[in-house]
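Shown next: input.pdb, containing PDB, C-alpha atoms.
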MODEL        1
ATOM      1  CA  MET A1499      86.526  61.448  59.313  1.00  0.00           C
ATOM      2  CA  SER A1500      84.647  63.535  61.843  1.00  0.00           C
ATOM      3  CA  ASN A1501      84.118  62.205  65.334  1.00  0.00           C
ATOM      4  CA  ASP A1502      80.330  62.551  65.064  1.00  0.00           C
ATOM      5  CA  GLN A1503      80.156  60.260  62.050  1.00  0.00           C
ATOM      6  CA  THR A1504      76.970  58.188  62.325  1.00  0.00           C
ATOM      7  CA  LEU A1505      77.171  56.114  59.141  1.00  0.00           C
ATOM      8  CA  THR A1506      79.865  53.570  58.406  1.00  0.00           C
ATOM      9  CA  LEU A1507      81.407  53.608  54.951  1.00  0.00           C
ATOM     10  CA  SER A1508      79.576  50.401  54.009  1.00  0.00           C
ATOM     11  CA  GLU A1509      76.260  51.835  55.174  1.00  0.00           C
ATOM     12  CA  ALA A1510      76.852  54.962  53.105  1.00  0.00           C
ATOM     13  CA  VAL A1511      77.619  52.880  50.002  1.00  0.00           C
ATOM     14  CA  GLU A1512      74.499  50.757  50.493  1.00  0.00           C
ATOM     15  CA  GLN A1513      72.336  53.821  51.046  1.00  0.00           C
ATOM     16  CA  VAL A1514      73.529  55.355  47.776  1.00  0.00           C
ATOM     17  CA  LEU A1515      73.088  52.076  45.885  1.00  0.00           C
ATOM     18  CA  ASP A1516      69.473  51.901  47.108  1.00  0.00           C
ATOM     19  CA  GLN A1517      68.853  55.157  45.239  1.00  0.00           C
ATOM     20  CA  VAL A1518      70.426  53.975  41.973  1.00  0.00           C
ATOM     21  CA  ASP A1519      68.214  52.465  39.276  1.00  0.00           C
ATOM     22  CA  GLY A1520      70.855  51.614  36.690  1.00  0.00           C
ATOM     23  CA  PRO A1521      74.583  51.748  35.880  1.00  0.00           C
ATOM     24  CA  VAL A1522      76.438  54.530  37.660  1.00  0.00           C
ATOM     25  CA  ALA A1523      79.936  55.905  37.159  1.00  0.00           C
ATOM     26  CA  VAL A1524      82.363  54.984  39.928  1.00  0.00           C
ATOM     27  CA  GLU A1525      83.366  58.635  40.328  1.00  0.00           C
ATOM     28  CA  GLU A1526      79.744  59.707  40.747  1.00  0.00           C
ATOM     29  CA  LEU A1527      79.152  56.941  43.259  1.00  0.00           C
ATOM     30  CA  CYS A1528      82.233  57.992  45.243  1.00  0.00           C
ATOM     31  CA  GLU A1529      81.081  61.619  45.260  1.00  0.00           C
ATOM     32  CA  ARG A1530      77.631  60.692  46.557  1.00  0.00           C
ATOM     33  CA  VAL A1531      79.086  58.372  49.190  1.00  0.00           C
ATOM     34  CA  LEU A1532      81.441  61.056  50.463  1.00  0.00           C
ATOM     35  CA  THR A1533      78.510  63.429  50.814  1.00  0.00           C
ATOM     36  CA  LEU A1534      77.059  61.006  53.360  1.00  0.00           C
ATOM     37  CA  TRP A1535      80.407  59.904  54.759  1.00  0.00           C
ATOM     38  CA  PRO A1536      82.817  62.876  54.905  1.00  0.00           C
ATOM     39  CA  SER A1537      86.433  61.828  55.152  1.00  0.00           C
ATOM     40  CA  ARG A1538      89.613  63.671  56.110  1.00  0.00           C
ATOM     41  CA  ALA A1539      91.796  61.105  54.377  1.00  0.00           C
ATOM     42  CA  LYS A1540      94.458  62.406  52.023  1.00  0.00           C
ATOM     43  CA  ASN A1541      92.708  60.787  49.049  1.00  0.00           C
ATOM     44  CA  PRO A1542      89.143  59.971  50.126  1.00  0.00           C
ATOM     45  CA  ARG A1543      87.948  58.949  46.652  1.00  0.00           C
ATOM     46  CA  SER A1544      90.736  56.393  46.390  1.00  0.00           C
ATOM     47  CA  ASN A1545      89.696  54.985  49.770  1.00  0.00           C
ATOM     48  CA  VAL A1546      86.093  54.634  48.619  1.00  0.00           C
ATOM     49  CA  ARG A1547      87.108  53.003  45.313  1.00  0.00           C
ATOM     50  CA  THR A1548      89.266  50.465  47.171  1.00  0.00           C
ATOM     51  CA  HIS A1549      86.403  49.791  49.577  1.00  0.00           C
ATOM     52  CA  LEU A1550      84.023  49.189  46.655  1.00  0.00           C
ATOM     53  CA  ARG A1551      86.301  46.563  45.132  1.00  0.00           C
ATOM     54  CA  GLN A1552      87.290  44.813  48.341  1.00  0.00           C
ATOM     55  CA  ASP A1553      84.026  44.885  50.318  1.00  0.00           C
ATOM     56  CA  HIS A1554      81.169  45.336  47.856  1.00  0.00           C
ATOM     57  CA  ALA A1555      82.099  43.749  44.515  1.00  0.00           C
ATOM     58  CA  GLY A1556      80.005  40.611  44.104  1.00  0.00           C
ATOM     59  CA  LYS A1557      78.064  41.356  47.302  1.00  0.00           C
ATOM     60  CA  THR A1558      76.105  44.553  46.671  1.00  0.00           C
ATOM     61  CA  LEU A1559      77.348  45.601  43.227  1.00  0.00           C
ATOM     62  CA  VAL A1560      79.129  44.408  40.097  1.00  0.00           C
ATOM     63  CA  PHE A1561      81.680  46.244  37.992  1.00  0.00           C
ATOM     64  CA  VAL A1562      80.331  46.599  34.445  1.00  0.00           C
ATOM     65  CA  ASP A1563      83.750  47.917  33.464  1.00  0.00           C
ATOM     66  CA  ALA A1564      86.608  49.651  35.239  1.00  0.00           C
ATOM     67  CA  ASP A1565      84.644  52.907  35.547  1.00  0.00           C
ATOM     68  CA  THR A1566      81.037  51.765  35.965  1.00  0.00           C
ATOM     69  CA  VAL A1567      79.147  49.741  38.553  1.00  0.00           C
ATOM     70  CA  LEU A1568      75.661  48.294  38.735  1.00  0.00           C
ATOM     71  CA  PRO A1569      73.773  47.450  41.950  1.00  0.00           C
ATOM     72  CA  LEU A1570      73.587  43.687  42.290  1.00  0.00           C
ATOM     73  CA  PRO A1571      69.768  43.541  42.681  1.00  0.00           C
ATOM     74  CA  ILE A1572      69.426  45.226  39.282  1.00  0.00           C
ATOM     75  CA  ALA A1573      72.160  43.134  37.674  1.00  0.00           C
ATOM     76  CA  MET A1574      70.515  39.919  38.898  1.00  0.00           C
ATOM     77  CA  ARG A1575      66.983  40.830  37.839  1.00  0.00           C
ATOM     78  CA  GLY A1576      65.883  38.531  35.023  1.00  0.00           C
ATOM     79  CA  VAL A1577      69.002  36.341  35.159  1.00  0.00           C
ATOM     80  CA  ARG A1578      68.095  32.860  33.938  1.00  0.00           C
ATOM     81  CA  PHE A1579      70.030  29.680  34.645  1.00  0.00           C
ATOM     82  CA  ARG A1580      69.563  25.965  34.119  1.00  0.00           C
ATOM     83  CA  ILE A1581      69.935  23.146  36.629  1.00  0.00           C
ATOM     84  CA  SER A1582      70.014  19.603  35.249  1.00  0.00           C
ATOM     85  CA  LEU A1583      68.313  17.153  37.600  1.00  0.00           C
ATOM     86  CA  ASP A1584      69.931  13.862  38.471  1.00  0.00           C
ATOM     87  CA  ARG A1585      68.211  10.563  39.224  1.00  0.00           C
ATOM     88  CA  ARG A1586      68.022  11.054  43.011  1.00  0.00           C
ATOM     89  CA  GLU A1587      66.455  14.515  42.654  1.00  0.00           C
ATOM     90  CA  VAL A1588      63.809  13.270  40.236  1.00  0.00           C
ATOM     91  CA  ASN A1589      63.062  10.122  42.246  1.00  0.00           C
ATOM     92  CA  ARG A1590      62.723  12.009  45.522  1.00  0.00           C
ATOM     93  CA  GLY A1591      61.106  15.121  44.064  1.00  0.00           C
ATOM     94  CA  MET A1592      63.684  17.526  45.380  1.00  0.00           C
ATOM     95  CA  LEU A1593      66.103  20.215  44.255  1.00  0.00           C
ATOM     96  CA  ILE A1594      69.466  20.140  46.017  1.00  0.00           C
ATOM     97  CA  ILE A1595      70.274  23.722  46.950  1.00  0.00           C
ATOM     98  CA  GLY A1596      74.045  23.723  46.673  1.00  0.00           C
ATOM     99  CA  PRO A1597      76.112  24.445  44.774  1.00  0.00           C
ATOM    100  CA  ALA A1598      74.103  25.173  41.619  1.00  0.00           C
ATOM    101  CA  PHE A1599      71.192  27.086  43.152  1.00  0.00           C
ATOM    102  CA  ASN A1600      72.550  28.869  46.199  1.00  0.00           C
ATOM    103  CA  ILE A1601      75.196  30.824  44.284  1.00  0.00           C
ATOM    104  CA  PHE A1602      72.291  32.929  42.952  1.00  0.00           C
ATOM    105  CA  VAL A1603      70.788  33.504  46.402  1.00  0.00           C
ATOM    106  CA  ARG A1604      71.682  36.564  48.461  1.00  0.00           C
ATOM    107  CA  ARG A1605      74.169  35.466  51.122  1.00  0.00           C
ATOM    108  CA  GLU A1606      72.144  36.870  54.002  1.00  0.00           C
ATOM    109  CA  LEU A1607      69.019  34.974  52.934  1.00  0.00           C
ATOM    110  CA  ALA A1608      68.290  31.611  54.544  1.00  0.00           C
ATOM    111  CA  PRO A1609      66.916  28.872  52.249  1.00  0.00           C
ATOM    112  CA  GLU A1610      63.664  28.903  54.246  1.00  0.00           C
ATOM    113  CA  ALA A1611      63.153  32.559  53.255  1.00  0.00           C
ATOM    114  CA  VAL A1612      63.370  31.867  49.505  1.00  0.00           C
ATOM    115  CA  HIS A1613      60.174  32.338  47.463  1.00  0.00           C
ATOM    116  CA  LEU A1614      59.613  29.839  44.639  1.00  0.00           C
ATOM    117  CA  LEU A1615      57.075  30.441  41.870  1.00  0.00           C
ATOM    118  CA  ASP A1616      55.809  28.218  39.075  1.00  0.00           C
ATOM    119  CA  GLN A1617      55.869  29.303  35.440  1.00  0.00           C
ATOM    120  CA  GLN A1618      52.521  31.116  35.855  1.00  0.00           C
ATOM    121  CA  GLY A1619      53.796  33.068  38.873  1.00  0.00           C
ATOM    122  CA  ARG A1620      51.930  31.049  41.507  1.00  0.00           C
ATOM    123  CA  SER A1621      53.706  30.459  44.808  1.00  0.00           C
ATOM    124  CA  LEU A1622      55.070  27.000  45.489  1.00  0.00           C
ATOM    125  CA  PRO A1623      55.351  25.688  49.065  1.00  0.00           C
ATOM    126  CA  VAL A1624      58.918  26.043  50.313  1.00  0.00           C
ATOM    127  CA  ARG A1625      59.983  23.157  52.515  1.00  0.00           C
ATOM    128  CA  VAL A1626      63.680  22.689  53.175  1.00  0.00           C
ATOM    129  CA  ILE A1627      64.762  19.141  53.935  1.00  0.00           C
ATOM    130  CA  THR A1628      68.104  17.584  54.805  1.00  0.00           C
ATOM    131  CA  ILE A1629      69.334  14.410  53.162  1.00  0.00           C
ATOM    132  CA  ARG A1630      72.345  12.387  54.236  1.00  0.00           C
ATOM    133  CA  GLU A1631      74.476  10.437  51.797  1.00  0.00           C
ATOM    134  CA  GLN A1632      77.742   8.544  51.951  1.00  0.00           C
ATOM    135  CA  VAL A1633      80.487  10.376  50.069  1.00  0.00           C
ATOM    136  CA  ASN A1634      83.817   8.783  49.173  1.00  0.00           C
ATOM    137  CA  THR A1635      86.772  10.720  50.576  1.00  0.00           C
ATOM    138  CA  PRO A1636      90.502   9.955  50.948  1.00  0.00           C
ATOM    139  CA  PHE A1637      89.590   8.763  54.467  1.00  0.00           C
ATOM    140  CA  GLY A1638      86.837   6.442  53.263  1.00  0.00           C
ATOM    141  CA  ALA A1639      83.093   6.877  52.986  1.00  0.00           C
ATOM    142  CA  GLN A1640      81.838   9.752  55.101  1.00  0.00           C
ATOM    143  CA  PRO A1641      78.228  10.811  55.792  1.00  0.00           C
ATOM    144  CA  THR A1642      77.479  14.206  54.263  1.00  0.00           C
ATOM    145  CA  ASP A1643      74.352  16.300  54.731  1.00  0.00           C
ATOM    146  CA  TYR A1644      72.742  18.245  51.881  1.00  0.00           C
ATOM    147  CA  SER A1645      69.950  20.797  52.044  1.00  0.00           C
ATOM    148  CA  ALA A1646      67.239  20.561  49.396  1.00  0.00           C
ATOM    149  CA  PHE A1647      63.876  22.018  48.479  1.00  0.00           C
ATOM    150  CA  ASP A1648      61.099  19.443  48.701  1.00  0.00           C
ATOM    151  CA  LEU A1649      59.188  19.924  45.418  1.00  0.00           C
ATOM    152  CA  SER A1650      57.692  16.455  45.185  1.00  0.00           C
ATOM    153  CA  ASP A1651      54.112  17.628  44.572  1.00  0.00           C
ATOM    154  CA  TRP A1652      55.127  20.058  41.845  1.00  0.00           C
ATOM    155  CA  PHE A1653      57.506  17.556  40.235  1.00  0.00           C
ATOM    156  CA  ARG A1654      54.622  15.093  40.085  1.00  0.00           C
ATOM    157  CA  THR A1655      52.286  17.551  38.346  1.00  0.00           C
ATOM    158  CA  GLN A1656      55.063  18.395  35.859  1.00  0.00           C
ATOM    159  CA  GLY A1657      55.787  14.750  35.039  1.00  0.00           C
ATOM    160  CA  MET A1658      59.456  15.294  35.846  1.00  0.00           C
ATOM    161  CA  ARG A1659      61.796  12.656  34.414  1.00  0.00           C
ATOM    162  CA  ARG A1660      65.467  11.825  34.628  1.00  0.00           C
ATOM    163  CA  ASN A1661      67.703  14.194  32.603  1.00  0.00           C
ATOM    164  CA  ASP A1662      65.035  16.905  32.657  1.00  0.00           C
ATOM    165  CA  SER A1663      66.112  20.357  33.776  1.00  0.00           C
ATOM    166  CA  LEU A1664      64.796  23.360  35.642  1.00  0.00           C
ATOM    167  CA  LEU A1665      65.017  26.787  34.047  1.00  0.00           C
ATOM    168  CA  ILE A1666      65.181  29.265  36.906  1.00  0.00           C
ATOM    169  CA  THR A1667      64.657  33.012  36.557  1.00  0.00           C
ATOM    170  CA  VAL A1668      65.624  35.529  39.225  1.00  0.00           C
ATOM    171  CA  GLU A1669      62.482  37.605  39.759  1.00  0.00           C
ATOM    172  CA  ASP A1670      63.748  39.565  42.772  1.00  0.00           C
ATOM    173  CA  TRP A1671      67.259  38.968  44.084  1.00  0.00           C
ATOM    174  CA  THR A1672      66.802  41.029  47.245  1.00  0.00           C
ATOM    175  CA  GLU A1673      63.641  39.202  48.290  1.00  0.00           C
ATOM    176  CA  GLY A1674      64.896  35.846  47.004  1.00  0.00           C
ATOM    177  CA  ARG A1675      62.068  35.276  44.538  1.00  0.00           C
ATOM    178  CA  PHE A1676      62.691  32.707  41.783  1.00  0.00           C
ATOM    179  CA  ARG A1677      60.467  31.409  38.977  1.00  0.00           C
ATOM    180  CA  LEU A1678      60.802  27.722  38.055  1.00  0.00           C
ATOM    181  CA  GLU A1679      60.082  26.216  34.657  1.00  0.00           C
ATOM    182  CA  HIS A1680      60.207  22.531  33.757  1.00  0.00           C
ATOM    183  CA  GLU A1681      62.386  21.857  30.728  1.00  0.00           C
ATOM    184  CA  PRO A1682      62.021  18.281  29.402  1.00  0.00           C
ATOM    185  CA  ALA A1683      65.238  16.709  28.146  1.00  0.00           C
ATOM    186  CA  LYS A1684      63.801  16.316  24.641  1.00  0.00           C
ATOM    187  CA  ARG A1685      63.087  20.047  24.424  1.00  0.00           C
ATOM    188  CA  GLN A1686      66.629  20.845  25.485  1.00  0.00           C
ATOM    189  CA  ARG A1687      68.015  18.469  22.841  1.00  0.00           C
ATOM    190  CA  GLN A1688      65.828  20.093  20.190  1.00  0.00           C
ATOM    191  CA  ALA A1689      67.079  23.530  21.226  1.00  0.00           C
ATOM    192  CA  GLU A1690      70.675  22.288  20.951  1.00  0.00           C
ATOM    193  CA  ILE A1691      69.955  20.905  17.456  1.00  0.00           C
ATOM    194  CA  GLU A1692      68.426  24.208  16.369  1.00  0.00           C
ATOM    195  CA  ARG A1693      71.360  26.134  17.816  1.00  0.00           C
ATOM    196  CA  GLY A1694      73.778  23.873  15.947  1.00  0.00           C
ATOM    197  CA  GLU A1695      71.843  24.381  12.717  1.00  0.00           C
ATOM    198  CA  ARG A1696      71.969  28.154  13.172  1.00  0.00           C
ATOM    199  CA  GLU A1697      75.716  28.025  13.830  1.00  0.00           C
ATOM    200  CA  LEU A1698      76.224  25.889  10.705  1.00  0.00           C
ATOM    201  CA  ALA A1699      74.099  28.260   8.606  1.00  0.00           C
ATOM    202  CA  ASP A1700      76.079  31.257   9.927  1.00  0.00           C
ATOM    203  CA  LEU A1701      79.340  29.459   9.137  1.00  0.00           C
ATOM    204  CA  LEU A1702      78.258  28.644   5.578  1.00  0.00           C
ATOM    205  CA  PHE A1703      76.997  32.195   5.045  1.00  0.00           C
ATOM    206  CA  GLY A1704      80.307  33.562   6.283  1.00  0.00           C
ATOM    207  CA  MET A1705      82.198  31.278   3.898  1.00  0.00           C
ATOM    208  CA  LEU A1706      80.080  32.513   1.009  1.00  0.00           C
ATOM    209  CA  GLU A1707      80.524  36.145   1.993  1.00  0.00           C
ATOM    210  CA  ASN A1708      84.272  35.739   2.173  1.00  0.00           C
ATOM    211  CA  SER A1709      84.586  33.572  -0.922  1.00  0.00           C
ATOM    212  CA  ARG A1710      85.964  35.121  -4.117  1.00  0.00           C
ATOM    213  CA  TYR A1711      84.010  32.684  -6.266  1.00  0.00           C
ATOM    214  CA  GLU A1712      80.453  31.992  -5.111  1.00  0.00           C
TER     215      GLU A1712
ENDMDL
END

Can you give me the file's structure in the form of structure tokens?
Amino acid sequence: MSNDQTLTLSEAVEQVLDQVDGPVAVEELCERVLTLWPSRAKNPRSNVRTHLRQDHAGKTLVFVDADTVLPLPIAMRGVRFRISLDRREVNRGMLIIGPAFNIFVRRELAPEAVHLLDQQGRSLPVRVITIREQVNTPFGAQPTDYSAFDLSDWFRTQGMRRNDSLLITVEDWTEGRFRLEHEPAKRQRQAEIERGERELADLLFGMLENSRYE
């Protein structure tokens, strides 16, 4: 690497990823990175590939397969996940951030910087609170602090009940924008029934298709 190198390898990778709008071949990515970050290493492409796996996989990109990567902001766009609410969350009108929610938040983003939207795309107030509870450990009950989003007003308007869930869609992973949707427990049970009926119908159809005598 030349002595007047201004970009680090990670900065070069991130700069190239910012210009990518879909899946990109690892070899193409390496070539574009080395254009910004010339290297005198014996095998510079191998160095870049190793760097991608060790320092960027799961942080700025994901490997679609062994030869293709996808920038993480694009991979996360539109991802939808469900969080089932427990009694304390419903009673106190809050959503505990970890571990179910924060695994979808960019690591560099503080909870206070997260943007929450309702189903219609309207902004919800973001207020992070800390709750303390006694947790049983091998050394006895210990006080443990949890961070949570205070959503009491919105929970109230939604008529949130125990065993209800939140369906959460990643609108913008980089900016930390998430859309929330209230999913009543009865709707989830109905969806499970319908899914089971579809699976049964598919199973019966497959048996008929494979049967010698209809």

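When atom CA of Arg1675 of chain A is paired with atom CA of Leu1615 of chain A, their separation reads 7.4 Å.
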
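Minimum distance to Arg1543 of chain A across A:Asp1563, A:Asp1648, A:Asp1584, A:Leu1507 (counting only C-alpha atoms) occurs at A:Leu1507.
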
One residue among A:Glu1512, A:Asp1662, A:Asp1643, A:Glu1525 is nearest to Ile1629 of chain A when using all atoms listed in the file, and that residue is A:Asp1643

Might you spell out which residues the PyMOL selection byres ((chain A and resi 1571-1573) around 8) would select in the displayed file, as a ChimeraX atom specification? /A:1519-1520,1558-1560,1568-1570,1574-1575,1577,1670-1672

For segment 1550-1612 of chain A versus segment 1526-1533 of chain A, which residues have an atom no more than 10 Å away, and what is each residue's nearest atom pair and distance in Å rounded to one decimal, using only C-alpha atoms, chain-then-number order, as a tab-separated table?
residue	atom	partner	partner_atom	distance
A:Leu1550	CA	A:Cys1528	CA	9.1
A:Asp1565	CA	A:Glu1526	CA	9.9
A:Thr1566	CA	A:Leu1527	CA	9.1
A:Val1567	CA	A:Leu1527	CA	8.6

Nearby residues (all atoms listed in the file) at most 7 Å from segment 1599-1604 of chain A, same-chain spacing under 2 positions excluded, as a ChimeraX atom specification: /A:1595-1597,1606-1607,1671-1672,1674

Which residues, written as a PyMOL selection string, have at least one atom at most 9 Å from Leu1593 of chain A, with all atoms listed in the file counted and residues fewer than 5 positions away on the same chain left out? chain A and resi 1583+1587-1588+1599+1645-1649

Test item: residues at most 6 Å from Glu1679 of chain A, all atoms listed in the file, excluding those fewer than 2 positions along its chain, as a PyMOL selection string: chain A and resi 1617+1664-1665

Let me see the file: selected residues, C-alpha atoms, as a JSON list (two decimals), keeping the file's coordinate frame.
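File produced: again22.json:
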[["chain", "number", "residue", "atom", "x", "y", "z"],
["A", 1617, "GLN", "CA", 55.87, 29.30, 35.44],
["A", 1664, "LEU", "CA", 64.80, 23.36, 35.64],
["A", 1665, "LEU", "CA", 65.02, 26.79, 34.05]]
